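Engineer: Have a look at the structure that comes next, please.
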Amino acid sequence: MAASVPAKDEAKDEPGALLGGWAVGTPGPVRTGPLVRVRRPAPVPGPGELLLRVEACGVCRTDLHLAEGDLTPHRPATVPGHEIVGRVVAAGDGVDRFRTGDRAGGAWLRSTCGECRWCRSGRENLCPGSRYTGWDADGGFADTAIVPAAFAYRLPEDRDAASLAPLLCAGIIGYRSLRRSALPPGGRLGIYGFGASAHLAAQVALAEGATVHVLTRSPRARALALDLGASSAGDAYDAPPEPLDSAVLFAPVGDLVPVALAALDRAGTLAVAGIHLSDIPVLNYQRHLFQERDLRSVTSNTRRDGRDFLAVADRIGIRVTVTPYPLDHADRALADLAADRVTGAAVLVPG
């Protein structure tokens with residue numbers, strides 16, 4: 001692993017500080033050390049909120065985008081992390097779904113207005129008033145975290161916390177992306193990029209009878225794809241061995257959009273999974289879009305997506321490949337993610 005920039009510390013000697021973790025200081029390239037250590041008074045849950053003792057927190061590419069400034073911070077010095085597995089240590093007024101000691105999960109979607117036309121029609125992921133864990137409020141790169149009970153998930157007791165954490169964003173978003181790709185029964189799916197989210201979505205597709213072709217620049221990721229059951233694994237810019245009915249672009253690389261569109265068969269659909277994407281080159285209508293090919297984006301997820309995916313993951317016995325890091329090494333985990341040195345999902349483990 002490459003050496004990381006020595007971590008800064010915003011509160012070396014703050015008396016009575018009980019929360020330990022990391023926040024985004026000055027956004028910039030990982031080599032500049034955008035994460036800073038923080039020690040703050042422990043948070044107190046308000047009405048409808050849970051205080052979790054964090055058992056594990058996944059490191060998502062969205063956290064990297066936030067730290068490096070690809071996503072504009074919504075507030076200063078926010079603790080990132082939105083794949084939170086924890087134990088309830090306290091609950092605010094009005095919480096009746098969870099009790100002290102329960103295992104609960106906090107995910108990216110943190111709250112919605114519940115009243116707009118998007119919320120009322122079951123599309124709460126498009127709510128203009130939606131708020132997000134680790135962006136609008138502190139997340140799980142810490143030893144404790146606050147999670148709204150209405151947006152928390154019940155998690156199984158018989159699974160290792162580190163293997164559960166990636167399910168809460170990588171898994172849920174991968175699942176929604178798969179559905180957005182309109183993969184037909186027994187269809188041919190192309191997956192571009194093969195990190196945390198992709199390796200989980202591939203297993204769902206395979207369990208549903210799809211043929212999966214993986215296109216990624218990482219040799220280790222290609223090996224993992226074949227081990228999980230993919231029919232082929234090539235470089236990101238290679239053509240798959242057959243035309244695709246559907247494709248999902250997980251790599252945040254706009255140059256791959258025309259590559260994936262060109263690989264689609266007639267009436268194929270490409271879903272772009274990321275919250276951030278580099279610029280897309282000019283498309284050629286005849287080559288990339290004609291014959292009723294569709295290009296779709298994916299915007300967050302609904303709570304129903306989360307519940308449905310967690311049920312599917314349990315039913316198929318989904319295999320989660322993780323690279324664990326102590327919480328103290330969050331900066332190193334982020335640097336490894338940026339350099340594609342992580343196989344599967346990076347996960348922080350306090351203590």
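For the structure tokens, the naming scheme is as follows: chains receive sequential letters (A, B, ...) according to their order of presentation, residues are indexed from 1 within each chain, and ligands are indexed from 1 in presentation order.
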Could you give me, as a ChimeraX atom specification, the residues within 9 Å of region 106-111 of chain A, counting only C-alpha atoms and dropping anything in the same chain fewer than 5 positions from it?
Structural biologist: /A:81-86,125,129-137,139-140,145-153,168-169,172,300-303,306
Engineer: Please report, as number ranges by chain, each residue of region 147-287 of chain A to which DSSP assigns alpha helix (DSSP H) when run on this structure's backbone.
Structural biologist: A: 161-164, 170-180, 196-207, 219-228, 256-263
Engineer: Using the chain letters and numbers from this document, which residues of region 6-89 of chain A does DSSP assign to strand (DSSP E), as a VMD selection string?
Structural biologist: chain A and resid 8 to 9 19 to 24 35 to 40 49 to 59 84 to 89
Engineer: Could you check which of A:Ala56, A:Leu50, A:Ala23, A:Ile173 is closest to Asp96 (chain A), using only C-alpha atoms?
Structural biologist: A:Leu50
Engineer: Which one is closest to Pro324 (chain A): A:Val44, A:Leu200, A:Phe194, A:Leu348? Count only C-alpha atoms.
Structural biologist: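 Among A:Val44, A:Leu200, A:Phe194, A:Leu348, it is A:Leu348 that comes nearest to Pro324 (chain A).
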Engineer: Find the residues around Gly94 (chain A) up to 9 Å (only C-alpha atoms counted), leave out those fewer than 4 positions away in its own chain, and share them as number ranges by chain.
Structural biologist: A: 47-49
Engineer: If you keep N, CA and C atoms, can you produce a file of those selected residues as a PDB file, in the first residue's frame?
Structural biologist:
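To be explicit, this is the file written out as again-v5.pdb:
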```
ATOM      1  N   PRO A  47     -35.626  13.414  18.589  1.00  0.00           N
ATOM      2  CA  PRO A  47     -36.856  12.663  18.323  1.00  0.00           C
ATOM      3  C   PRO A  47     -36.750  11.877  17.019  1.00  0.00           C
ATOM      4  N   GLY A  48     -37.111  10.601  17.081  1.00  0.00           N
ATOM      5  CA  GLY A  48     -37.092   9.751  15.903  1.00  0.00           C
ATOM      6  C   GLY A  48     -35.723   9.282  15.461  1.00  0.00           C
ATOM      7  N   GLU A  49     -34.695   9.491  16.290  1.00  0.00           N
ATOM      8  CA  GLU A  49     -33.327   9.139  15.892  1.00  0.00           C
ATOM      9  C   GLU A  49     -32.743   8.026  16.756  1.00  0.00           C
TER      10      GLU A  49
END
```
Engineer: So which residues touch Tyr175 (chain A) within 9 Å, counting only C-alpha atoms, skipping near sequence neighbours fewer than 4 positions away, as an MDAnalysis selection string?
Structural biologist: chainID A and resid 170:171 179:180 197 200:201 204 305:306 308:309
Engineer: For the residues in that selection, give me all heavy atoms as a tab-separated table (two decimals), in the first residue's frame.
Structural biologist:
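The resulting file, out01.tsv, is reproduced below:
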```tsv
chain	number	residue	atom	x	y	z
A	170	ALA	N	-23.37	0.10	-1.59
A	170	ALA	CA	-22.89	-0.62	-2.77
A	170	ALA	C	-23.94	-1.63	-3.23
A	170	ALA	O	-24.27	-1.71	-4.42
A	170	ALA	CB	-21.58	-1.32	-2.44
A	171	GLY	N	-24.49	-2.37	-2.30
A	171	GLY	CA	-25.48	-3.37	-2.64
A	171	GLY	C	-26.80	-2.78	-3.11
A	171	GLY	O	-27.36	-3.18	-4.13
A	179	ARG	N	-31.92	-2.94	-11.82
A	179	ARG	CA	-33.32	-2.80	-12.22
A	179	ARG	C	-33.47	-1.70	-13.27
A	179	ARG	O	-34.25	-1.83	-14.21
A	179	ARG	CB	-34.18	-2.50	-10.99
A	179	ARG	CG	-34.21	-3.63	-9.96
A	179	ARG	CD	-34.83	-4.89	-10.54
A	179	ARG	NE	-34.80	-6.01	-9.61
A	179	ARG	CZ	-34.13	-7.14	-9.81
A	179	ARG	NH1	-33.42	-7.29	-10.92
A	179	ARG	NH2	-34.16	-8.11	-8.92
A	180	ARG	N	-32.71	-0.62	-13.15
A	180	ARG	CA	-32.77	0.46	-14.13
A	180	ARG	C	-32.23	0.02	-15.49
A	180	ARG	O	-32.57	0.61	-16.52
A	180	ARG	CB	-31.98	1.67	-13.64
A	180	ARG	CG	-32.60	2.41	-12.46
A	180	ARG	CD	-33.74	3.30	-12.89
A	180	ARG	NE	-33.28	4.45	-13.66
A	180	ARG	CZ	-34.08	5.21	-14.40
A	180	ARG	NH1	-35.37	4.93	-14.50
A	180	ARG	NH2	-33.58	6.25	-15.06
A	197	SER	N	-19.86	-2.20	-5.54
A	197	SER	CA	-21.24	-2.29	-5.99
A	197	SER	C	-21.41	-3.34	-7.08
A	197	SER	O	-22.34	-4.15	-7.06
A	197	SER	CB	-21.70	-0.92	-6.49
A	197	SER	OG	-23.09	-0.87	-6.63
A	200	LEU	N	-21.55	-7.13	-6.21
A	200	LEU	CA	-22.80	-7.55	-5.57
A	200	LEU	C	-23.93	-7.62	-6.59
A	200	LEU	O	-24.70	-8.59	-6.62
A	200	LEU	CB	-23.15	-6.60	-4.43
A	200	LEU	CG	-22.10	-6.51	-3.32
A	200	LEU	CD1	-22.48	-5.44	-2.30
A	200	LEU	CD2	-21.92	-7.86	-2.63
A	201	ALA	N	-24.03	-6.62	-7.45
A	201	ALA	CA	-25.07	-6.63	-8.49
A	201	ALA	C	-24.89	-7.82	-9.42
A	201	ALA	O	-25.88	-8.42	-9.87
A	201	ALA	CB	-25.02	-5.32	-9.28
A	204	VAL	N	-26.56	-10.90	-8.01
A	204	VAL	CA	-28.02	-10.87	-8.14
A	204	VAL	C	-28.40	-11.27	-9.57
A	204	VAL	O	-29.30	-12.10	-9.78
A	204	VAL	CB	-28.58	-9.49	-7.79
A	204	VAL	CG1	-30.08	-9.45	-8.04
A	204	VAL	CG2	-28.28	-9.15	-6.33
A	305	ASP	N	-36.22	-0.12	-2.24
A	305	ASP	CA	-35.05	-0.75	-2.87
A	305	ASP	C	-34.19	-1.43	-1.82
A	305	ASP	O	-33.72	-2.56	-2.01
A	305	ASP	CB	-34.19	0.29	-3.59
A	305	ASP	CG	-34.85	0.89	-4.81
A	305	ASP	OD1	-35.61	0.19	-5.49
A	305	ASP	OD2	-34.60	2.09	-5.08
A	306	GLY	N	-33.96	-0.73	-0.71
A	306	GLY	CA	-33.12	-1.27	0.35
A	306	GLY	C	-33.70	-2.54	0.94
A	306	GLY	O	-32.99	-3.55	1.11
A	308	ASP	N	-35.93	-4.57	-0.39
A	308	ASP	CA	-35.98	-5.64	-1.40
A	308	ASP	C	-34.60	-6.25	-1.60
A	308	ASP	O	-34.46	-7.48	-1.67
A	308	ASP	CB	-36.50	-5.09	-2.73
A	308	ASP	CG	-37.99	-4.78	-2.71
A	308	ASP	OD1	-38.66	-5.13	-1.72
A	308	ASP	OD2	-38.47	-4.16	-3.67
A	309	PHE	N	-33.58	-5.39	-1.70
A	309	PHE	CA	-32.24	-5.93	-1.92
A	309	PHE	C	-31.77	-6.77	-0.74
A	309	PHE	O	-31.20	-7.86	-0.93
A	309	PHE	CB	-31.23	-4.81	-2.19
A	309	PHE	CG	-29.81	-5.32	-2.13
A	309	PHE	CD1	-29.33	-6.16	-3.11
A	309	PHE	CD2	-28.99	-5.00	-1.06
A	309	PHE	CE1	-28.04	-6.68	-3.05
A	309	PHE	CE2	-27.70	-5.51	-0.99
A	309	PHE	CZ	-27.22	-6.34	-1.98
```
Engineer: Extract, using only C-alpha atoms, all DNA, RNA and protein residues at most 8 Å from region 270-281 of chain A, discarding same-chain residues fewer than 2 positions from it, and format them as a PyMOL selection string.
Structural biologist: chain A and resi 62+65+70-71+173-174+177-178+180-181+246-258+260-261+264+268+283+293-300
Engineer: Could the residues in this selection be written to a file with N, CA and C atoms, as a short mmCIF file (atom, residue, chain, number, x, y, z; two decimals), in the first residue's frame?
Structural biologist:
```
data_model
loop_
_atom_site.label_atom_id
_atom_site.label_comp_id
_atom_site.auth_asym_id
_atom_site.auth_seq_id
_atom_site.Cartn_x
_atom_site.Cartn_y
_atom_site.Cartn_z
N THR A 62 -18.48 7.35 -3.35
CA THR A 62 -19.08 8.66 -3.09
C THR A 62 -18.30 9.39 -1.99
N HIS A 65 -15.44 10.89 -3.74
CA HIS A 65 -15.83 12.08 -4.51
C HIS A 65 -16.01 13.30 -3.59
N ASP A 70 -15.15 16.40 -5.89
CA ASP A 70 -16.01 16.16 -7.05
C ASP A 70 -17.46 16.47 -6.69
N LEU A 71 -17.82 16.20 -5.44
CA LEU A 71 -19.12 16.61 -4.89
C LEU A 71 -18.88 17.78 -3.95
N ILE A 173 -27.51 0.33 -4.20
CA ILE A 173 -27.40 1.09 -5.44
C ILE A 173 -27.14 0.15 -6.62
N GLY A 174 -26.33 -0.89 -6.40
CA GLY A 174 -26.13 -1.86 -7.46
C GLY A 174 -27.42 -2.54 -7.86
N SER A 177 -29.50 -0.08 -9.82
CA SER A 177 -28.91 0.07 -11.14
C SER A 177 -29.25 -1.12 -12.03
N LEU A 178 -29.22 -2.30 -11.45
CA LEU A 178 -29.58 -3.49 -12.21
C LEU A 178 -31.02 -3.40 -12.69
N ARG A 180 -32.71 -0.62 -13.15
CA ARG A 180 -32.77 0.46 -14.13
C ARG A 180 -32.23 0.02 -15.49
N SER A 181 -31.41 -1.00 -15.52
CA SER A 181 -30.86 -1.48 -16.78
C SER A 181 -31.85 -2.31 -17.59
N SER A 246 -28.38 -5.50 -21.77
CA SER A 246 -28.33 -4.44 -20.77
C SER A 246 -26.89 -4.26 -20.31
N ALA A 247 -26.62 -3.08 -19.78
CA ALA A 247 -25.30 -2.82 -19.22
C ALA A 247 -25.44 -1.84 -18.06
N VAL A 248 -24.51 -1.95 -17.12
CA VAL A 248 -24.44 -0.99 -16.02
C VAL A 248 -23.01 -0.46 -15.98
N LEU A 249 -22.90 0.86 -15.97
CA LEU A 249 -21.60 1.51 -15.85
C LEU A 249 -21.39 1.91 -14.40
N PHE A 250 -20.49 1.20 -13.72
CA PHE A 250 -20.16 1.52 -12.34
C PHE A 250 -18.93 2.42 -12.24
N ALA A 251 -18.02 2.32 -13.18
CA ALA A 251 -16.83 3.18 -13.17
C ALA A 251 -17.25 4.62 -13.48
N PRO A 252 -16.73 5.61 -12.74
CA PRO A 252 -17.15 7.00 -12.95
C PRO A 252 -16.42 7.65 -14.13
N VAL A 253 -16.41 6.95 -15.25
CA VAL A 253 -15.59 7.34 -16.40
C VAL A 253 -16.51 7.59 -17.60
N GLY A 254 -16.71 8.86 -17.94
CA GLY A 254 -17.61 9.20 -19.02
C GLY A 254 -17.19 8.64 -20.36
N ASP A 255 -15.89 8.42 -20.57
CA ASP A 255 -15.40 7.85 -21.82
C ASP A 255 -15.99 6.47 -22.11
N LEU A 256 -16.44 5.79 -21.06
CA LEU A 256 -16.98 4.44 -21.24
C LEU A 256 -18.44 4.43 -21.66
N VAL A 257 -19.11 5.57 -21.61
CA VAL A 257 -20.52 5.61 -22.02
C VAL A 257 -20.68 5.21 -23.48
N PRO A 258 -19.97 5.83 -24.44
CA PRO A 258 -20.11 5.37 -25.83
C PRO A 258 -19.63 3.95 -26.04
N ALA A 260 -19.93 1.43 -23.90
CA ALA A 260 -20.99 0.54 -23.44
C ALA A 260 -22.21 0.60 -24.35
N LEU A 261 -22.55 1.80 -24.82
CA LEU A 261 -23.70 1.92 -25.73
C LEU A 261 -23.45 1.15 -27.03
N LEU A 264 -24.27 -2.55 -26.90
CA LEU A 264 -25.65 -2.98 -26.72
C LEU A 264 -26.25 -3.51 -28.01
N GLY A 268 -31.34 -2.25 -26.36
CA GLY A 268 -30.61 -2.41 -25.11
C GLY A 268 -30.64 -1.16 -24.25
N LEU A 283 -21.58 11.71 -28.70
CA LEU A 283 -22.13 10.43 -29.14
C LEU A 283 -22.50 10.51 -30.62
N ARG A 293 -31.88 2.17 -28.44
CA ARG A 293 -31.06 1.99 -27.24
C ARG A 293 -31.40 3.10 -26.25
N ASP A 294 -31.39 2.76 -24.97
CA ASP A 294 -31.72 3.71 -23.92
C ASP A 294 -30.50 3.99 -23.05
N LEU A 295 -30.37 5.24 -22.62
CA LEU A 295 -29.33 5.66 -21.68
C LEU A 295 -30.03 6.23 -20.45
N ARG A 296 -29.77 5.63 -19.27
CA ARG A 296 -30.46 6.03 -18.05
C ARG A 296 -29.45 6.35 -16.95
N SER A 297 -29.84 7.27 -16.08
CA SER A 297 -29.05 7.52 -14.87
C SER A 297 -29.71 6.83 -13.68
N VAL A 298 -28.97 6.79 -12.59
CA VAL A 298 -29.48 6.21 -11.33
C VAL A 298 -29.29 7.26 -10.25
N THR A 299 -30.36 7.61 -9.57
CA THR A 299 -30.31 8.65 -8.55
C THR A 299 -30.69 8.06 -7.19
N SER A 300 -29.70 7.83 -6.36
CA SER A 300 -29.93 7.33 -5.02
C SER A 300 -30.79 6.07 -5.05
#
```
Engineer: Would you please work out which residue, of A:Arg304, A:Phe290, A:Asp331, A:Ala233, is nearest to Cys119 (chain A) when using only C-alpha atoms?
Structural biologist: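 Of A:Arg304, A:Phe290, A:Asp331, A:Ala233, the one nearest Cys119 (chain A), counting only C-alpha atoms, is A:Arg304.
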Engineer: Would you compute the distance between CA of Gly193 (chain A) and CA of Leu215 (chain A)? Give it in Å to one decimal.
Structural biologist: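 Between CA of Gly193 (chain A) and CA of Leu215 (chain A) the gap is 6.2 Å.
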Engineer: Could you list, as a PyMOL selection string, every residue within 9 Å of Arg61 (chain A), counting only C-alpha atoms and ignoring same-chain residues fewer than 5 positions away?
Structural biologist: chain A and resi 66+196+274+334+337-338
